[in-house]
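One structure is given below, encoded as structure tokens.
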Amino acid sequence: MPEVREIIFYGKSGDGVHAVADQLVQRLIRQGFYVISYPEYDPERRETLAKIHVRVSKEPIHVRGPVMNPEIAVFLDVRLLRDNQEALSARKIIVNAPPSRELVTKYAGNVNGEVISINLNELRRAGTDYTAQVVNLIIDTLFNSYT
């Protein structure tokens, strides 16, 4: 059975969560991986929650359904940590927040996995393409744990 790596993204509509996930999927496909990705939405309304489930493998993927045990959970809004406790079991949590474990603890409580902070608001103000930065961070995190 092939090793399937799971990543889940959480964001609000307009956060760019689809752009980040799409760019990640395209890069992984170009690197020769098999990838399955699909979005899940709350009912249509302003600032609705979007989850994007991504599976990556070196062989064809036959698993379908929601990501249940993500290796990496990406939160494009630190406040989403509060309502998505199921993703906090991920080994790596990438969160849009200033580099402060205290802020993550405020919204999520104690987190067992490694927390990686990236301040997207600062990158946006600087005019930086934050999508590419997040994708690079995820790929580095994914491959550094590929042992």
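Ligands are numbered from 1 in the order shown, residues from 1 within each chain, and chains are lettered A, B, ... in the order they appear in the structure tokens.
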Original post:
Mind checking DSSP for region 55-133 of chain A and telling me the alpha helix (DSSP H) residues as a VMD selection string?
Top reply: chain A and resid 101 to 108 120 to 125 130 to 133
Written file, previous selection with C-alpha atoms, as an mmCIF file, in the first residue's frame:
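Final file, out.cif:
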data_model
loop_
_atom_site.group_PDB
_atom_site.id
_atom_site.type_symbol
_atom_site.label_atom_id
_atom_site.label_comp_id
_atom_site.auth_asym_id
_atom_site.auth_seq_id
_atom_site.Cartn_x
_atom_site.Cartn_y
_atom_site.Cartn_z
ATOM 1 C CA ARG A 101 3.121 30.447 20.468
ATOM 2 C CA GLU A 102 0.987 32.421 22.943
ATOM 3 C CA LEU A 103 -1.437 33.543 20.239
ATOM 4 C CA VAL A 104 -1.843 29.974 18.988
ATOM 5 C CA THR A 105 -2.379 28.771 22.573
ATOM 6 C CA LYS A 106 -5.040 31.460 23.061
ATOM 7 C CA TYR A 107 -7.134 30.067 20.211
ATOM 8 C CA ALA A 108 -6.258 26.374 20.325
ATOM 9 C CA LEU A 120 0.745 36.801 5.885
ATOM 10 C CA ASN A 121 -0.620 40.202 6.850
ATOM 11 C CA GLU A 122 2.911 41.592 6.985
ATOM 12 C CA LEU A 123 3.750 39.992 3.627
ATOM 13 C CA ARG A 124 0.591 41.470 2.056
ATOM 14 C CA ARG A 125 1.455 44.955 3.333
ATOM 15 C CA TYR A 130 2.522 35.338 -0.045
ATOM 16 C CA THR A 131 1.020 32.432 -2.013
ATOM 17 C CA ALA A 132 4.434 31.317 -3.256
ATOM 18 C CA GLN A 133 5.927 31.739 0.226
#
Subject >> All strand (DSSP E) positions in chain A, as a PyMOL selection string >> reply: chain A and resi 4-12+34-41+49-57+72-75+92-96+114-118
Subject >> Selection: 12 Å around region 28-32 of chain A, only C-alpha atoms, excl. self and same-chain fewer than 4 positions, as a ChimeraX atom specification >> reply: /A:5,21-24,36-37,54-60,135-136,138-140,142-143
Original post:
How far is it from CA of Leu88 (chain A) to CA of Asp129 (chain A), in Å with one decimal?
Top reply: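 Going from CA of Leu88 (chain A) over to CA of Asp129 (chain A), I get 26.8 Å.
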Excluding Lys51 (chain A) and its own-chain neighbours fewer than 4 positions away, which residues fall within 6 Å of it when counting only C-alpha atoms? Please give them as a short mmCIF file (atom, residue, chain, number, x, y, z; two decimals) with N, CA and C atoms, in the first residue's frame.
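Output contents, as saved in around-v8.cif:
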data_model
loop_
_atom_site.label_atom_id
_atom_site.label_comp_id
_atom_site.auth_asym_id
_atom_site.auth_seq_id
_atom_site.Cartn_x
_atom_site.Cartn_y
_atom_site.Cartn_z
N PHE A 9 -6.19 22.40 4.52
CA PHE A 9 -6.13 23.86 4.56
C PHE A 9 -7.43 24.38 5.15
N TYR A 10 -7.32 25.42 5.97
CA TYR A 10 -8.49 26.12 6.52
C TYR A 10 -8.33 27.60 6.20
N PRO A 39 -12.18 20.83 -2.46
CA PRO A 39 -12.63 21.77 -1.44
C PRO A 39 -13.89 21.29 -0.74
N GLU A 40 -14.11 21.83 0.45
CA GLU A 40 -15.34 21.62 1.20
C GLU A 40 -15.74 22.98 1.76
#
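Comparing the minimum interatomic distances between Gln85 (chain A) and each of A:Gly16, A:Pro43, A:Pro98, A:Gly109, counting only C-alpha atoms, we find that A:Gly109 sits nearest.
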Original post:
Which residues come within 8 Å of Ser13 (chain A), counting only C-alpha atoms, excluding same-chain residues fewer than 6 positions away, as a ChimeraX atom specification?
Top reply: /A:46-50
Subject >> Among listed residues A:Val63, A:Ile52, A:Ala97, A:Val115, nearest Arg79 (chain A) (using only C-alpha atoms) >> reply: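 Distance minimum relative to Arg79 (chain A) lands on A:Ala97.
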